[in-house]
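Peer 1: For reference, this is structure.tsv, and it has TSV, C-alpha atoms.
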chain	number	residue	atom	x	y	z
A	1	MET	CA	36.20	11.98	-12.49
A	2	HIS	CA	33.95	14.30	-14.54
A	3	LEU	CA	30.20	14.30	-15.02
A	4	LYS	CA	30.68	13.54	-18.72
A	5	ASP	CA	32.13	10.16	-17.74
A	6	VAL	CA	29.01	9.02	-15.88
A	7	ASP	CA	26.10	7.27	-17.58
A	8	LEU	CA	22.81	8.49	-16.06
A	9	ASN	CA	21.62	4.87	-15.82
A	10	LEU	CA	24.54	4.14	-13.49
A	11	LEU	CA	23.23	6.80	-11.12
A	12	ARG	CA	19.75	5.26	-11.29
A	13	LEU	CA	21.32	1.92	-10.44
A	14	PHE	CA	23.26	3.45	-7.54
A	15	ASP	CA	20.07	5.04	-6.19
A	16	ALA	CA	18.11	1.77	-6.45
A	17	VAL	CA	20.81	-0.26	-4.69
A	18	TYR	CA	21.14	2.37	-1.96
A	19	ARG	CA	17.39	2.34	-1.34
A	20	THR	CA	16.88	-1.41	-1.42
A	21	ARG	CA	20.25	-2.48	0.07
A	22	ASN	CA	20.02	-5.38	-2.37
A	23	VAL	CA	21.49	-5.65	-5.89
A	24	SER	CA	18.97	-8.28	-7.04
A	25	ARG	CA	16.01	-6.20	-5.89
A	26	ALA	CA	17.48	-3.08	-7.50
A	27	ALA	CA	17.87	-4.98	-10.77
A	28	GLU	CA	14.23	-6.05	-10.59
A	29	LEU	CA	13.06	-2.48	-9.99
A	30	LEU	CA	15.01	-1.25	-13.02
A	31	ASP	CA	14.06	-4.21	-15.26
A	32	LEU	CA	17.70	-5.30	-15.48
A	33	THR	CA	19.22	-8.74	-15.29
A	34	GLN	CA	21.33	-9.54	-12.25
A	35	PRO	CA	24.55	-9.71	-14.35
A	36	ALA	CA	23.77	-6.35	-15.99
A	37	ALA	CA	23.23	-4.72	-12.59
A	38	SER	CA	26.45	-6.20	-11.23
A	39	GLN	CA	28.42	-5.03	-14.27
A	40	GLY	CA	26.96	-1.54	-14.00
A	41	LEU	CA	27.84	-1.34	-10.33
A	42	SER	CA	31.37	-2.48	-11.11
A	43	ARG	CA	31.73	0.30	-13.72
A	44	LEU	CA	30.50	2.89	-11.25
A	45	ARG	CA	32.90	1.65	-8.57
A	46	THR	CA	35.77	2.07	-11.03
A	47	LEU	CA	34.68	5.58	-12.00
A	48	ILE	CA	34.19	6.74	-8.39
A	49	GLN	CA	37.13	4.74	-7.07
A	50	ASP	CA	35.18	3.43	-4.11
A	51	PRO	CA	33.53	0.06	-3.35
A	52	LEU	CA	30.23	1.96	-2.67
A	53	PHE	CA	28.52	-1.14	-1.21
A	54	MET	CA	29.84	-3.97	0.92
A	55	ARG	CA	28.22	-7.39	1.30
A	56	SER	CA	26.26	-7.93	4.50
A	57	ALA	CA	23.66	-10.34	5.84
A	58	GLY	CA	20.69	-10.25	3.47
A	59	GLY	CA	22.15	-7.70	1.05
A	60	VAL	CA	24.66	-4.83	1.00
A	61	GLN	CA	25.55	-1.82	3.15
A	62	PRO	CA	26.74	1.55	1.76
A	63	THR	CA	30.24	2.85	2.36
A	64	PRO	CA	30.71	6.37	3.81
A	65	LYS	CA	31.31	7.63	0.25
A	66	ALA	CA	28.01	6.14	-0.91
A	67	GLN	CA	26.20	7.72	2.02
A	68	ARG	CA	27.57	11.15	1.06
A	69	LEU	CA	26.49	10.65	-2.55
A	70	ALA	CA	23.00	9.31	-1.85
A	71	ASP	CA	21.06	12.53	-1.22
A	72	PRO	CA	22.61	14.59	-4.05
A	73	VAL	CA	22.05	11.74	-6.53
A	74	ARG	CA	18.44	11.25	-5.39
A	75	GLN	CA	17.68	14.97	-5.64
A	76	ALA	CA	19.27	15.22	-9.09
A	77	LEU	CA	17.28	12.25	-10.41
A	78	ALA	CA	14.04	13.62	-8.96
A	79	THR	CA	14.65	17.00	-10.62
A	80	LEU	CA	15.30	15.35	-14.00
A	81	GLU	CA	12.30	13.06	-13.71
A	82	GLN	CA	9.99	15.94	-12.86
A	83	ALA	CA	11.33	18.15	-15.65
A	84	LEU	CA	11.06	15.38	-18.24
A	85	GLY	CA	7.59	14.43	-17.02
A	86	GLU	CA	6.34	18.01	-17.26
A	87	THR	CA	7.77	18.26	-20.77
A	88	ALA	CA	6.16	15.02	-21.90
A	89	GLY	CA	2.78	15.78	-20.36
A	90	PHE	CA	0.04	13.20	-19.90
A	91	ASP	CA	-2.90	12.68	-22.25
A	92	PRO	CA	-5.34	10.30	-20.49
A	93	ALA	CA	-7.31	9.70	-23.70
A	94	ARG	CA	-4.19	8.38	-25.47
A	95	SER	CA	-1.96	7.07	-22.69
A	96	SER	CA	-1.36	3.34	-22.29
A	97	ARG	CA	0.55	3.76	-19.03
A	98	THR	CA	0.36	1.11	-16.33
A	99	PHE	CA	-0.10	2.35	-12.75
A	100	HIS	CA	0.95	0.07	-9.89
A	101	ILE	CA	-1.05	0.43	-6.69
A	102	HIS	CA	-0.57	-1.13	-3.26
A	103	MET	CA	-3.86	-2.15	-1.66
A	104	SER	CA	-5.19	-5.09	0.27
A	105	ASP	CA	-7.94	-7.38	-0.99
A	106	ILE	CA	-10.39	-5.40	1.12
A	107	GLY	CA	-9.15	-2.23	-0.56
A	108	GLU	CA	-9.56	-3.79	-4.00
A	109	SER	CA	-13.21	-4.56	-3.29
A	110	ARG	CA	-13.85	-1.04	-1.98
A	111	PHE	CA	-12.01	1.15	-4.49
A	112	LEU	CA	-11.33	-0.68	-7.76
A	113	PRO	CA	-14.88	-1.02	-9.18
A	114	GLU	CA	-15.57	2.73	-9.15
A	115	LEU	CA	-12.04	3.62	-10.23
A	116	MET	CA	-12.16	1.30	-13.25
A	117	VAL	CA	-15.50	2.76	-14.38
A	118	VAL	CA	-13.93	6.22	-14.42
A	119	LEU	CA	-10.79	5.02	-16.21
A	120	ARG	CA	-12.86	3.25	-18.86
A	121	ASP	CA	-14.53	6.58	-19.70
A	122	ARG	CA	-11.60	8.99	-19.30
A	123	ALA	CA	-8.49	6.90	-19.98
A	124	PRO	CA	-9.57	3.76	-21.87
A	125	ASN	CA	-6.05	2.46	-22.53
A	126	VAL	CA	-4.60	3.08	-19.06
A	127	ARG	CA	-3.92	-0.07	-17.06
A	128	VAL	CA	-3.91	-0.70	-13.32
A	129	GLN	CA	-2.03	-3.48	-11.54
A	130	THR	CA	-2.44	-3.97	-7.81
A	131	ARG	CA	0.85	-4.90	-6.20
A	132	PRO	CA	0.60	-5.55	-2.44
A	133	VAL	CA	3.95	-5.10	-0.71
A	134	PRO	CA	4.92	-5.70	2.94
A	135	ARG	CA	3.96	-2.71	5.04
A	136	ASP	CA	7.54	-2.00	6.10
A	137	GLN	CA	8.53	-1.72	2.41
A	138	ILE	CA	5.79	0.65	1.21
A	139	THR	CA	7.79	3.88	1.54
A	140	GLU	CA	10.81	2.31	-0.17
A	141	SER	CA	8.60	0.95	-2.97
A	142	LEU	CA	6.96	4.35	-3.54
A	143	ASP	CA	10.31	6.16	-3.65
A	144	ALA	CA	11.84	3.53	-5.94
A	145	GLY	CA	8.89	3.73	-8.37
A	146	ARG	CA	7.94	0.11	-7.86
A	147	ILE	CA	4.46	1.30	-6.92
A	148	ASP	CA	2.84	4.62	-7.82
A	149	PHE	CA	0.32	4.79	-4.97
A	150	ALA	CA	-0.64	3.07	-1.75
A	151	PHE	CA	-4.23	2.98	-0.50
A	152	GLY	CA	-5.27	2.19	3.03
A	153	PHE	CA	-4.90	2.74	6.74
A	154	LEU	CA	-1.12	2.84	6.81
A	155	PRO	CA	0.07	4.64	9.96
A	156	MET	CA	3.54	3.11	9.60
A	157	VAL	CA	4.10	4.95	6.30
A	158	LYS	CA	5.60	8.19	7.61
A	159	GLU	CA	7.72	9.73	4.87
A	160	SER	CA	5.24	10.04	2.02
A	161	GLN	CA	2.88	12.56	0.54
A	162	ARG	CA	-0.71	11.75	1.38
A	163	VAL	CA	-4.32	12.88	1.24
A	164	ARG	CA	-7.09	11.73	3.56
A	165	LEU	CA	-9.83	9.98	1.62
A	166	LEU	CA	-12.35	8.78	4.18
A	167	GLU	CA	-12.90	8.05	7.85
A	168	ASP	CA	-14.13	4.66	8.99
A	169	ARG	CA	-14.44	2.48	12.09
A	170	TYR	CA	-14.38	-1.19	12.96
A	171	ILE	CA	-17.64	-3.03	13.61
A	172	VAL	CA	-18.84	-6.62	14.10
A	173	LEU	CA	-20.59	-8.30	11.18
A	174	LEU	CA	-23.14	-11.05	11.87
A	175	ARG	CA	-25.62	-12.97	9.78
A	176	GLU	CA	-29.11	-11.51	9.57
A	177	GLY	CA	-31.29	-12.88	12.35
A	178	HIS	CA	-28.34	-13.79	14.60
A	179	PRO	CA	-29.63	-13.98	18.22
A	180	PHE	CA	-26.82	-11.68	19.40
A	181	ALA	CA	-28.04	-8.82	17.20
A	182	ARG	CA	-31.55	-8.90	18.67
A	183	LYS	CA	-30.43	-7.75	22.13
A	184	ARG	CA	-29.82	-4.06	22.69
A	185	ARG	CA	-26.62	-3.41	24.63
A	186	THR	CA	-24.13	-0.56	24.67
A	187	GLY	CA	-20.80	0.45	26.20
A	188	ALA	CA	-19.02	-1.94	28.52
A	189	ALA	CA	-21.96	-4.35	28.55
A	190	LEU	CA	-21.75	-4.80	24.78
A	191	LEU	CA	-17.98	-5.31	24.86
A	192	GLU	CA	-18.32	-7.92	27.59
A	193	ALA	CA	-21.12	-9.70	25.70
A	194	LEU	CA	-18.78	-10.24	22.73
A	195	ARG	CA	-17.40	-13.22	24.64
A	196	ASP	CA	-20.66	-14.99	23.80
A	197	LEU	CA	-19.66	-14.93	20.13
A	198	GLU	CA	-17.21	-17.01	18.14
A	199	PHE	CA	-15.10	-15.18	15.53
A	200	VAL	CA	-13.49	-15.54	12.14
A	201	ALA	CA	-10.50	-13.30	11.38
A	202	VAL	CA	-8.10	-12.60	8.52
A	203	ARG	CA	-4.40	-13.14	9.08
A	204	SER	CA	-3.31	-10.35	6.72
A	205	HIS	CA	-5.45	-7.64	8.37
A	206	ALA	CA	-3.38	-6.77	11.41
A	207	GLU	CA	-5.73	-4.13	12.82
A	208	THR	CA	-8.64	-6.53	13.23
A	209	LEU	CA	-6.37	-8.99	15.02
A	210	ARG	CA	-5.15	-6.14	17.22
A	211	ILE	CA	-8.73	-5.49	18.30
A	212	VAL	CA	-9.29	-9.19	19.02
A	213	GLU	CA	-6.23	-9.13	21.31
A	214	GLN	CA	-7.09	-5.82	23.00
A	215	VAL	CA	-10.59	-6.98	23.88
A	216	GLY	CA	-9.31	-10.39	25.02
A	217	LEU	CA	-11.10	-12.51	22.43
A	218	GLU	CA	-8.19	-14.65	21.22
A	219	ASP	CA	-9.73	-17.78	22.71
A	220	ARG	CA	-12.98	-17.05	20.86
A	221	LEU	CA	-11.33	-17.30	17.42
A	222	ARG	CA	-12.60	-20.37	15.61
A	223	LEU	CA	-11.25	-19.64	12.13
A	224	VAL	CA	-8.36	-17.57	10.77
A	225	THR	CA	-8.25	-17.21	6.98
A	226	GLU	CA	-5.74	-15.70	4.56
A	227	HIS	CA	-8.20	-13.65	2.49
A	228	PHE	CA	-10.87	-11.15	3.45
A	229	LEU	CA	-13.33	-11.75	0.63
A	230	VAL	CA	-14.34	-15.19	1.93
A	231	LEU	CA	-15.68	-13.68	5.19
A	232	PRO	CA	-19.15	-12.57	4.02
A	233	GLU	CA	-20.17	-16.05	2.90
A	234	ILE	CA	-18.76	-17.63	6.08
A	235	VAL	CA	-20.64	-15.15	8.27
A	236	LYS	CA	-23.87	-15.60	6.31
A	237	ALA	CA	-23.69	-19.41	6.56
A	238	THR	CA	-22.70	-19.70	10.25
A	239	ASP	CA	-22.99	-18.02	13.64
A	240	LEU	CA	-19.39	-16.75	13.38
A	241	ALA	CA	-18.79	-13.02	13.72
A	242	ALA	CA	-16.22	-10.92	11.86
A	243	ILE	CA	-14.57	-7.62	12.83
A	244	MET	CA	-14.23	-5.38	9.77
A	245	PRO	CA	-14.53	-1.79	8.53
A	246	ARG	CA	-18.06	-0.39	8.60
A	247	ASN	CA	-17.71	1.09	5.12
A	248	ILE	CA	-17.06	-2.35	3.65
A	249	ALA	CA	-19.77	-4.11	5.66
A	250	ARG	CA	-22.42	-1.61	4.54
A	251	GLY	CA	-21.65	-2.49	0.93
A	252	PHE	CA	-22.72	-6.11	1.30
A	253	ALA	CA	-26.09	-6.90	-0.22
A	254	GLY	CA	-28.65	-8.19	2.31
A	255	GLY	CA	-28.38	-11.03	4.78
A	256	TYR	CA	-26.22	-9.30	7.41
A	257	ALA	CA	-26.47	-7.42	10.69
A	258	ILE	CA	-24.01	-4.85	12.03
A	259	VAL	CA	-23.15	-4.36	15.71
A	260	GLU	CA	-20.97	-1.39	16.75
A	261	PRO	CA	-19.06	-1.98	20.02
A	262	ALA	CA	-16.85	0.81	21.37
A	263	PHE	CA	-13.59	-0.93	20.47
A	264	PRO	CA	-10.33	0.72	21.59
A	265	GLN	CA	-8.97	2.86	18.72
A	266	ARG	CA	-11.82	1.77	16.48
A	267	GLU	CA	-11.73	4.94	14.32
A	268	PHE	CA	-9.25	5.06	11.44
A	269	VAL	CA	-8.50	7.06	8.31
A	270	VAL	CA	-7.99	5.65	4.82
A	271	SER	CA	-5.43	7.69	2.89
A	272	LEU	CA	-3.83	7.78	-0.53
A	273	HIS	CA	-0.01	7.84	-0.36
A	274	TRP	CA	2.56	8.69	-3.04
A	275	SER	CA	6.23	9.65	-3.18
A	276	LYS	CA	7.35	13.26	-3.15
A	277	ARG	CA	9.90	12.16	-5.73
A	278	PHE	CA	7.15	11.65	-8.33
A	279	GLU	CA	4.71	14.32	-7.15
A	280	GLY	CA	5.30	16.48	-10.22
A	281	ASP	CA	4.79	13.65	-12.71
A	282	PRO	CA	1.75	14.58	-14.87
A	283	GLY	CA	0.33	11.05	-14.88
A	284	ASN	CA	0.70	10.80	-11.12
A	285	ARG	CA	-1.06	14.16	-10.69
A	286	TRP	CA	-3.87	13.17	-13.04
A	287	LEU	CA	-4.66	9.85	-11.36
A	288	ARG	CA	-4.46	11.46	-7.89
A	289	ALA	CA	-7.09	13.97	-8.98
A	290	GLN	CA	-9.41	11.20	-10.21
A	291	ILE	CA	-9.04	9.26	-6.96
A	292	GLU	CA	-9.67	12.32	-4.81
A	293	GLU	CA	-12.74	13.22	-6.86
A	294	LEU	CA	-14.14	9.73	-6.40
A	295	PHE	CA	-13.38	8.92	-2.79
A	296	ARG	CA	-12.44	11.99	-0.76
A	297	GLN	CA	-15.12	12.73	1.82
How would this structure read if it were set down as structure tokens?
Peer 2:
Amino acid sequence: MHLKDVDLNLLRLFDAVYRTRNVSRAAELLDLTQPAASQGLSRLRTLIQDPLFMRSAGGVQPTPKAQRLADPVRQALATLEQALGETAGFDPARSSRTFHIHMSDIGESRFLPELMVVLRDRAPNVRVQTRPVPRDQITESLDAGRIDFAFGFLPMVKESQRVRLLEDRYIVLLREGHPFARKRRTGAALLEALRDLEFVAVRSHAETLRIVEQVGLEDRLRLVTEHFLVLPEIVKATDLAAIMPRNIARGFAGGYAIVEPAFPQREFVVSLHWSKRFEGDPGNRWLRAQIEELFRQ
């Protein structure tokens, strides 16, 4: 087999299947139909004279030949993408590019308003779509180009480029005038007194639930919701307390009190993550610079 026989799109397909271990998901990432992806993979198998991927539970597994090819193919594609991106450049005033960003609903409320103001002025035709993905798939989604960036406290995302944006800590939010907030307590006494409260928590925010468990407050949970943004109104209307980031709580307009217990591992860092594969892309570089300018402490 010679390089002239290989369609570059077949290598992109190979790379996507290798990363996702799933032909359907690879087809989705590349905007292909399932039959087109299957036909392309069949062509590549014929050219390379190897099955490349074998069916397994939940997807496919690479053959030894595919494993040997994976890194060279990935590096070659990254080099081409960077070279083509640098040649094309990025003009924010004219671009109509869509950037896909992983962030939670709490992240949307914290970062999107300011970011969209800047984009309106500097890149009026650029679009942003938030695309939350499961935490264990963030690195894969960044490398595959399914998302361009990931915002948040994401300690499980190891193999990515990143920049620290801000430091924060978890606090307890109460309604203004709540009897608990009137008493001055600190240290162990304040942590113990939390058992006098009843709590609302968000299922999708694992760190707040971790704190509830570590402090032994599971039996004090009275409500678990799916979405963060409903919490402020619930707290304001009831005696329920919510554990949340201080930065977010301070942004709420009036009607709230903040208590700051010394929770275990209460400090955390919000970072911006991206793939090394796309680090040289001019659009990626430009938007990173805007985000750092806005939010980096």
Peer 1: For A:Asp281, which of A:Gly216, A:Phe180, A:Leu80, A:Arg55 is the closest residue, counting all atoms listed in the file?
Peer 2: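 Closest residue, counting all atoms listed in the file: A:Leu80.
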Peer 1: Find the residues around A:Leu77 up to 9 Å (only C-alpha atoms counted), leave out those fewer than 4 positions away in its own chain, and share them as a short mmCIF file (atom, residue, chain, number, x, y, z; two decimals) with C-alpha atoms, in the frame of the given file.
Peer 2:
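Output (part.cif):
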data_model
loop_
_atom_site.label_atom_id
_atom_site.label_comp_id
_atom_site.auth_asym_id
_atom_site.auth_seq_id
_atom_site.Cartn_x
_atom_site.Cartn_y
_atom_site.Cartn_z
CA LEU A 8 22.81 8.49 -16.06
CA LEU A 11 23.23 6.80 -11.12
CA ARG A 12 19.75 5.26 -11.29
CA ASP A 15 20.07 5.04 -6.19
CA PRO A 72 22.61 14.59 -4.05
CA VAL A 73 22.05 11.74 -6.53
CA GLU A 81 12.30 13.06 -13.71
CA GLN A 82 9.99 15.94 -12.86
CA ARG A 277 9.90 12.16 -5.73
#
Peer 1: Quick one: distance from atom CA of A:Leu29 to atom CA of A:Thr139 in Å, one decimal?
Peer 2: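 Computing it gives 14.2 Å between the two atoms.
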Peer 1: Taking all atoms listed in the file into account, which of A:Ser104, A:Gln214, A:Asn247, A:Thr238 comes nearest A:Asp168?
Peer 2: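 Under the stated criterion, the closest residue is A:Asn247.
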Peer 1: One decimal, Å: what's the distance from atom CA of A:Ile48 over to atom CA of A:Asn22, could you say?
Peer 2: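 A separation of 19.6 Å between them.
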Peer 1: Kindly indicate which residue among A:Val215, A:Leu223, A:Val235, A:Ala262 lies nearest to A:Leu190, using all atoms listed in the file for the distances.
Peer 2: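 Checking each candidate against A:Leu190, we get A:Ala262 as the closest.
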Peer 1: Using only C-alpha atoms, what residues lie at most 12 Å away from (-9.2, 3.5, -20.7) (file coordinates), given as a list of chain:residue names?
Peer 2: A:Asp91, A:Pro92, A:Ala93, A:Arg94, A:Ser95, A:Ser96, A:Arg97, A:Thr98, A:Leu115, A:Met116, A:Val117, A:Val118, A:Leu119, A:Arg120, A:Asp121, A:Arg122, A:Ala123, A:Pro124, A:Asn125, A:Val126, A:Arg127, A:Val128
Peer 1: In Å to one decimal, how far is atom CA of A:Val202 from atom CA of A:Val259?
Peer 2: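 Atom CA of A:Val259 sits 18.6 Å away from atom CA of A:Val202.
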Peer 1: Excluding A:Val200 and its own-chain neighbours fewer than 5 positions away, which residues fall within 10 Å of it when counting all atoms listed in the file? Please give them as a PyMOL selection string.
Peer 2: chain A and resi 220-225+231+234-235+239-243
Peer 1: Point out the residue among A:Ile291, A:Leu30, A:Val212, A:Val17 with the least atom-to-atom distance to A:Gln61, counting all atoms listed in the file.
Peer 2: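 The closest residue to A:Gln61 is A:Val17.
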Peer 1: For a cut-off of 9 Å around (-3.2, -13.5, 7.8), file coordinates, pick out all residues using only C-alpha atoms and list them as an NGL selection string.
Peer 2: :A and (201-206 or 224-227)
Peer 1: Find the residue from A:Ile101, A:Ala237, A:Leu217, A:Leu229 that sits nearest to A:Phe252; use all atoms listed in the file when measuring.
Peer 2: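 Looking at the shortest contact to A:Phe252, the residue is A:Leu229.
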Peer 1: Given the choices A:Ile211, A:Val172, A:Leu197, A:Leu191, which gets closest to A:Arg250 if the distance is worked out from all atoms listed in the file?
Peer 2: A:Val172
